[in-house]
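*Asks:* I am attaching a structure below and will ask some questions about it afterwards.
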Amino acid sequence: MRHRWPMMLARLVLSCLALAISFGALAQGDPEFARLAKSAGQPQIPGLRIVYMTSLGDPAQAPWKNIILHQTEGAPGAAKSLAEGQARNPTKRGVTLWVETDGTIYWSVPETVVTTQGDGANRNDNKYIDNSKTYRQVIKTNSIGVEFNGNAPDVQAPLTPEQFKAGLLLVKFLQERYGIPPERIYAHNWIDFKDARYCEGCELAERARAQAYRPTGADKPRK
């Protein structure tokens, strides 16, 4: 039995490596990933746990050219109720997708609905950050928002490892679905100042851009 452990460990390592390679291929523009990402209904992407409160339709009908990543000071466990509130009143101030601390994603409203994330908060004063390139360019009517719940009571608390893992793959899903290149992924703080205590969405946005994921047809910008 003692001599079998090295062999068993080697097999386990190889299995994990094979799974990682397979998963990586799926997330890097594999045709099956592209097909799933652009599907109607309630597509389930391997590696993500998405709860749909509405079904998806034709992604070409959605106006999204940018992704904005947010963090909310909601208590851990509140993402579902926040998403349900958004579903009841789709155009209220909020976002399309909410991500819980365990990585569960709630798709709250139809993908063509414009929620009012950042409504009235896209400034051109550059008081806190250089927003000259995003002013009146990255706005609610062309940007799909993702809210990561749970940094309460300490707003400086980072996303959980589960949120980071889900968020990085979720961004690829949205990029593929709507043809969004990596340079059009934004943290909330990159388009507007929110809170001096922390940079909202910045770490995840940096890591998401660093993935350098180019969706199918990204070289042909959507009009």
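Labels used: A, B, ... for chains in the order of the structure tokens, numbers from 1 for residues in each chain, and numbers from 1 for ligands as shown.
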Which parts of chain A does DSSP call alpha helix (DSSP H) when run on the backbone here, written out as a ChimeraX atom specification?
*Replies:* /A:4-27,31-37,79-88,161-178,188-191,202-210
*Asks:* Env of A:Pro182: 7 Å cut, atoms = only C-alpha atoms, seq-sep filter 3 positions within chain, self excluded. Answer as a ChimeraX atom specification.
*Replies:* /A:185,209,212-214
*Asks:* Can you write just those residues out, C-alpha atoms, as a CSV table (one decimal), in the first residue's frame?
*Replies:*
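For reference, again08.csv as written:
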chain,number,residue,atom,x,y,z
A,185,ILE,CA,-13.9,45.9,-19.3
A,209,ARG,CA,-8.3,42.5,-18.7
A,212,ALA,CA,-6.6,39.1,-22.8
A,213,TYR,CA,-9.7,37.1,-23.9
A,214,ARG,CA,-10.7,38.0,-27.5
*Asks:* Fewer than 4 positions away in the same chain doesn't count, so skip those; otherwise give me all residues within 6 Å of A:Phe148, counting only C-alpha atoms, as a short mmCIF file (atom, residue, chain, number, x, y, z; two decimals) with N, CA and C atoms, in the first residue's frame.
*Replies:*
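Heads up, here's the output in around19.cif:
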data_model
loop_
_atom_site.label_atom_id
_atom_site.label_comp_id
_atom_site.auth_asym_id
_atom_site.auth_seq_id
_atom_site.Cartn_x
_atom_site.Cartn_y
_atom_site.Cartn_z
N GLN A 71 -18.91 46.71 -6.86
CA GLN A 71 -19.00 46.03 -5.57
C GLN A 71 -20.04 46.76 -4.73
N TRP A 98 -25.85 39.85 -10.43
CA TRP A 98 -25.41 39.97 -9.04
C TRP A 98 -24.65 38.70 -8.67
N VAL A 99 -23.52 38.85 -8.01
CA VAL A 99 -22.68 37.69 -7.67
C VAL A 99 -22.52 37.60 -6.16
#
*Asks:* With only C-alpha atoms as the counted atoms, please give the residues lying no more than 8 Å from A:Ala87, apart from itself and same-chain residues fewer than 4 positions off, as a short mmCIF file (atom, residue, chain, number, x, y, z; two decimals) with C-alpha atoms, in the first residue's frame.
*Replies:*
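Okay, this is what ended up in out_6.cif:
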data_model
loop_
_atom_site.label_atom_id
_atom_site.label_comp_id
_atom_site.auth_asym_id
_atom_site.auth_seq_id
_atom_site.Cartn_x
_atom_site.Cartn_y
_atom_site.Cartn_z
CA MET A 53 -34.65 35.03 -13.16
CA ALA A 83 -31.42 40.53 -7.66
CA SER A 108 -31.94 39.49 -12.68
CA VAL A 109 -33.44 41.22 -15.72
#
*Asks:* Which one is closest to A:Ala40: A:Ile139, A:Arg177, A:Asp195, A:Thr72? Count only C-alpha atoms.
*Replies:*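 Among the listed residues, A:Arg177 lies closest to A:Ala40.
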*Asks:* So which one's closest to A:Val155, A:Ile67, A:Ala34, A:Ala196, A:Ala62? Using only C-alpha atoms, please.
*Replies:*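 That would be A:Ala196, the residue with the smallest distance to A:Val155.
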*Asks:* Excluding A:Glu206 and any residue of its chain fewer than 6 positions from it, enumerate the residues within 12 Å of it, using only C-alpha atoms, and give them as a PyMOL selection string.
*Replies:* chain A and resi 68-69+164+167-168+171+182-190+199-200+212
*Asks:* Keeping only C-alpha atoms, write those residues as a CSV table (one decimal), in the first residue's frame.
*Replies:*
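Written out: out_24.csv:
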chain,number,residue,atom,x,y,z
A,68,ILE,CA,-18.7,47.5,-15.7
A,69,LEU,CA,-17.7,45.7,-12.5
A,164,PHE,CA,-12.8,36.1,-8.2
A,167,GLY,CA,-16.0,36.7,-12.0
A,168,LEU,CA,-13.2,36.0,-14.3
A,171,VAL,CA,-16.5,38.2,-17.8
A,182,PRO,CA,-10.8,43.1,-23.0
A,183,GLU,CA,-10.1,46.8,-23.2
A,184,ARG,CA,-13.8,47.5,-22.7
A,185,ILE,CA,-13.9,45.9,-19.3
A,186,TYR,CA,-14.1,48.7,-16.6
A,187,ALA,CA,-14.1,49.0,-12.9
A,188,HIS,CA,-16.7,51.4,-11.5
A,189,ASN,CA,-13.9,53.6,-10.2
A,190,TRP,CA,-12.4,53.9,-13.7
A,199,CYS,CA,-11.2,51.3,-5.5
A,200,GLU,CA,-14.5,49.6,-6.5
A,212,ALA,CA,-6.6,39.1,-22.8
*Asks:* Run DSSP on the backbone and give me the residues of stretch 37-221 of chain A it puts in strand (DSSP E), as number ranges by chain.
*Replies:* A: 50-52, 66-72, 97-99, 105-107, 143-149, 185-187
*Asks:* May I have the residues from that selection written out with N, CA and C atoms, as a compact mmCIF listing (two decimals), in the first residue's frame?
*Replies:*
# COMPACT_ATOMS: atom_id res chain seq x y z
N ILE A 50 -25.22 29.76 -12.50
CA ILE A 50 -26.05 30.92 -12.83
C ILE A 50 -27.51 30.61 -12.54
N VAL A 51 -28.13 31.45 -11.75
CA VAL A 51 -29.57 31.37 -11.48
C VAL A 51 -30.24 32.43 -12.34
N TYR A 52 -31.02 31.99 -13.31
CA TYR A 52 -31.69 32.93 -14.22
C TYR A 52 -33.07 33.29 -13.69
N ASN A 66 -19.69 47.47 -23.41
CA ASN A 66 -18.77 47.55 -22.28
C ASN A 66 -19.29 46.68 -21.13
N ILE A 67 -18.38 46.31 -20.24
CA ILE A 67 -18.72 45.61 -19.00
C ILE A 67 -18.22 46.48 -17.86
N ILE A 68 -19.08 46.78 -16.89
CA ILE A 68 -18.69 47.54 -15.71
C ILE A 68 -18.82 46.64 -14.48
N LEU A 69 -17.75 46.55 -13.71
CA LEU A 69 -17.71 45.71 -12.52
C LEU A 69 -17.87 46.58 -11.27
N HIS A 70 -18.84 46.19 -10.45
CA HIS A 70 -19.17 46.93 -9.24
C HIS A 70 -18.99 46.06 -8.01
N GLN A 71 -18.91 46.71 -6.86
CA GLN A 71 -19.00 46.03 -5.57
C GLN A 71 -20.04 46.76 -4.73
N THR A 72 -20.83 45.99 -4.00
CA THR A 72 -21.86 46.62 -3.17
C THR A 72 -21.63 46.30 -1.71
N LEU A 97 -26.52 41.67 -13.42
CA LEU A 97 -26.07 40.45 -12.76
C LEU A 97 -25.53 40.75 -11.37
N TRP A 98 -25.85 39.85 -10.43
CA TRP A 98 -25.41 39.97 -9.04
C TRP A 98 -24.65 38.70 -8.67
N VAL A 99 -23.52 38.85 -8.01
CA VAL A 99 -22.68 37.69 -7.67
C VAL A 99 -22.52 37.60 -6.16
N ILE A 105 -24.24 33.25 -9.28
CA ILE A 105 -24.57 34.41 -10.11
C ILE A 105 -26.08 34.47 -10.32
N TYR A 106 -26.67 35.63 -10.14
CA TYR A 106 -28.10 35.83 -10.35
C TYR A 106 -28.29 36.79 -11.52
N TRP A 107 -28.90 36.28 -12.59
CA TRP A 107 -29.20 37.12 -13.77
C TRP A 107 -30.60 37.67 -13.55
N SER A 143 -23.54 49.71 -21.51
CA SER A 143 -22.68 48.97 -20.57
C SER A 143 -23.50 48.03 -19.70
N ILE A 144 -23.13 46.76 -19.69
CA ILE A 144 -23.79 45.78 -18.83
C ILE A 144 -23.05 45.74 -17.50
N GLY A 145 -23.80 45.77 -16.41
CA GLY A 145 -23.19 45.86 -15.08
C GLY A 145 -23.26 44.56 -14.32
N VAL A 146 -22.19 44.29 -13.58
CA VAL A 146 -22.11 43.11 -12.71
C VAL A 146 -21.77 43.60 -11.30
N GLU A 147 -22.59 43.23 -10.35
CA GLU A 147 -22.40 43.67 -8.96
C GLU A 147 -21.94 42.49 -8.11
N PHE A 148 -20.82 42.68 -7.41
CA PHE A 148 -20.30 41.66 -6.51
C PHE A 148 -20.68 42.04 -5.08
N ASN A 149 -21.51 41.24 -4.47
CA ASN A 149 -22.09 41.56 -3.17
C ASN A 149 -21.19 41.09 -2.03
N ILE A 185 -13.51 46.37 -20.62
CA ILE A 185 -13.89 45.95 -19.28
C ILE A 185 -13.48 47.06 -18.33
N TYR A 186 -14.39 47.54 -17.50
CA TYR A 186 -14.12 48.67 -16.63
C TYR A 186 -14.51 48.38 -15.19
N ALA A 187 -13.72 48.90 -14.27
CA ALA A 187 -14.14 48.98 -12.88
C ALA A 187 -14.98 50.24 -12.72
*Asks:* May I have the residues within 9 Å of A:Thr160 as a CSV table (one decimal) with N, CA, C and O atoms, in the first residue's frame, using only C-alpha atoms and disregarding those fewer than 4 positions away in the same chain?
*Replies:*
chain,number,residue,atom,x,y,z
A,101,THR,N,-21.2,35.9,-2.5
A,101,THR,CA,-19.8,35.6,-2.0
A,101,THR,C,-19.4,34.1,-2.2
A,101,THR,O,-18.2,33.8,-2.3
A,102,ASP,N,-20.4,33.2,-2.5
A,102,ASP,CA,-20.0,31.9,-2.8
A,102,ASP,C,-19.8,31.6,-4.3
A,102,ASP,O,-19.6,30.5,-4.7
A,103,GLY,N,-19.9,32.7,-5.1
A,103,GLY,CA,-19.8,32.6,-6.5
A,103,GLY,C,-21.0,32.4,-7.3
A,103,GLY,O,-21.0,32.4,-8.5
A,150,GLY,N,-21.3,41.8,-0.9
A,150,GLY,CA,-20.8,41.2,0.3
A,150,GLY,C,-19.7,41.9,1.0
A,150,GLY,O,-19.2,41.4,2.1
A,164,PHE,N,-13.9,35.8,-7.2
A,164,PHE,CA,-12.8,36.1,-8.2
A,164,PHE,C,-12.9,35.0,-9.3
A,164,PHE,O,-12.8,35.3,-10.5
A,165,LYS,N,-13.0,33.7,-8.9
A,165,LYS,CA,-13.0,32.6,-9.9
A,165,LYS,C,-14.2,32.7,-10.8
A,165,LYS,O,-14.1,32.6,-12.0
*Asks:* Would you please work out which residue, of A:Ile191, A:Ala37, A:Ala75, A:Leu82, is nearest to A:Lys140 when using only C-alpha atoms?
*Replies:*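 When distances to A:Lys140 are compared using only C-alpha atoms, the smallest one comes from A:Ile191.
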*Asks:* Select, from A:Thr216, A:Asn131, A:Gln61, A:Gln137, the residue with the minimum atom-to-atom distance to A:Lys172, counting only C-alpha atoms.
*Replies:*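 Smallest distance to A:Lys172 is found for A:Thr216.
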*Asks:* Hey, which of A:Gly74, A:Pro110, A:Gly41, A:Gly118 ends up closest to A:Asn151? Count only C-alpha atoms.
*Replies:*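 Closest candidate: A:Gly74.
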*Asks:* So which residues touch A:Asn124 within 10 Å, counting only C-alpha atoms, skipping near sequence neighbours fewer than 2 positions away, as a list in words?
*Replies:*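 Residues meeting the cut-off are Ala121, Asn122, Asn126, Lys127, Ile129, Asp130, Asn131, Ser132, Lys133, Thr134, Tyr135, Arg136, Ile191 and Asp192 of chain A.
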*Asks:* Go ahead and write the selection's residues with N, CA and C atoms as a PDB file, in the first residue's frame.
*Replies:*
ATOM      1  N   ALA A 121     -23.645  59.721 -12.763  1.00  0.00           N
ATOM      2  CA  ALA A 121     -22.358  59.732 -12.062  1.00  0.00           C
ATOM      3  C   ALA A 121     -21.177  59.660 -13.012  1.00  0.00           C
ATOM      4  N   ASN A 122     -21.380  59.956 -14.273  1.00  0.00           N
ATOM      5  CA  ASN A 122     -20.297  59.909 -15.255  1.00  0.00           C
ATOM      6  C   ASN A 122     -19.786  61.334 -15.443  1.00  0.00           C
ATOM      7  N   ASN A 126     -12.356  64.930 -13.753  1.00  0.00           N
ATOM      8  CA  ASN A 126     -11.068  64.296 -13.459  1.00  0.00           C
ATOM      9  C   ASN A 126     -10.575  64.633 -12.049  1.00  0.00           C
ATOM     10  N   LYS A 127     -11.496  64.843 -11.147  1.00  0.00           N
ATOM     11  CA  LYS A 127     -11.113  65.242  -9.790  1.00  0.00           C
ATOM     12  C   LYS A 127     -10.365  64.135  -9.065  1.00  0.00           C
ATOM     13  N   ILE A 129      -9.973  60.680 -10.715  1.00  0.00           N
ATOM     14  CA  ILE A 129      -9.378  59.785 -11.711  1.00  0.00           C
ATOM     15  C   ILE A 129      -9.492  60.432 -13.084  1.00  0.00           C
ATOM     16  N   ASP A 130      -8.697  59.947 -14.009  1.00  0.00           N
ATOM     17  CA  ASP A 130      -8.789  60.442 -15.386  1.00  0.00           C
ATOM     18  C   ASP A 130      -9.940  59.722 -16.080  1.00  0.00           C
ATOM     19  N   ASN A 131     -11.070  60.411 -16.189  1.00  0.00           N
ATOM     20  CA  ASN A 131     -12.218  59.811 -16.873  1.00  0.00           C
ATOM     21  C   ASN A 131     -12.500  60.503 -18.203  1.00  0.00           C
ATOM     22  N   SER A 132     -11.474  61.163 -18.763  1.00  0.00           N
ATOM     23  CA  SER A 132     -11.664  61.884 -20.020  1.00  0.00           C
ATOM     24  C   SER A 132     -11.997  60.955 -21.183  1.00  0.00           C
ATOM     25  N   LYS A 133     -11.490  59.720 -21.140  1.00  0.00           N
ATOM     26  CA  LYS A 133     -11.733  58.793 -22.244  1.00  0.00           C
ATOM     27  C   LYS A 133     -13.047  58.025 -22.101  1.00  0.00           C
ATOM     28  N   THR A 134     -13.651  58.096 -20.932  1.00  0.00           N
ATOM     29  CA  THR A 134     -14.899  57.362 -20.726  1.00  0.00           C
ATOM     30  C   THR A 134     -16.111  58.288 -20.592  1.00  0.00           C
ATOM     31  N   TYR A 135     -15.875  59.573 -20.383  1.00  0.00           N
ATOM     32  CA  TYR A 135     -16.978  60.504 -20.197  1.00  0.00           C
ATOM     33  C   TYR A 135     -17.896  60.505 -21.417  1.00  0.00           C
ATOM     34  N   ARG A 136     -19.170  60.224 -21.173  1.00  0.00           N
ATOM     35  CA  ARG A 136     -20.204  60.140 -22.206  1.00  0.00           C
ATOM     36  C   ARG A 136     -19.919  59.057 -23.245  1.00  0.00           C
ATOM     37  N   ILE A 191     -14.520  54.853 -14.275  1.00  0.00           N
ATOM     38  CA  ILE A 191     -15.368  55.809 -14.990  1.00  0.00           C
ATOM     39  C   ILE A 191     -15.907  56.893 -14.071  1.00  0.00           C
ATOM     40  N   ASP A 192     -15.802  56.646 -12.764  1.00  0.00           N
ATOM     41  CA  ASP A 192     -16.296  57.637 -11.824  1.00  0.00           C
ATOM     42  C   ASP A 192     -15.776  57.323 -10.429  1.00  0.00           C
TER      43      ASP A 192
END
*Asks:* What gap, in Å, lies between atom CA of A:Asn89 and atom CA of A:Val113?
*Replies:*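 The value is 10.8 Å.
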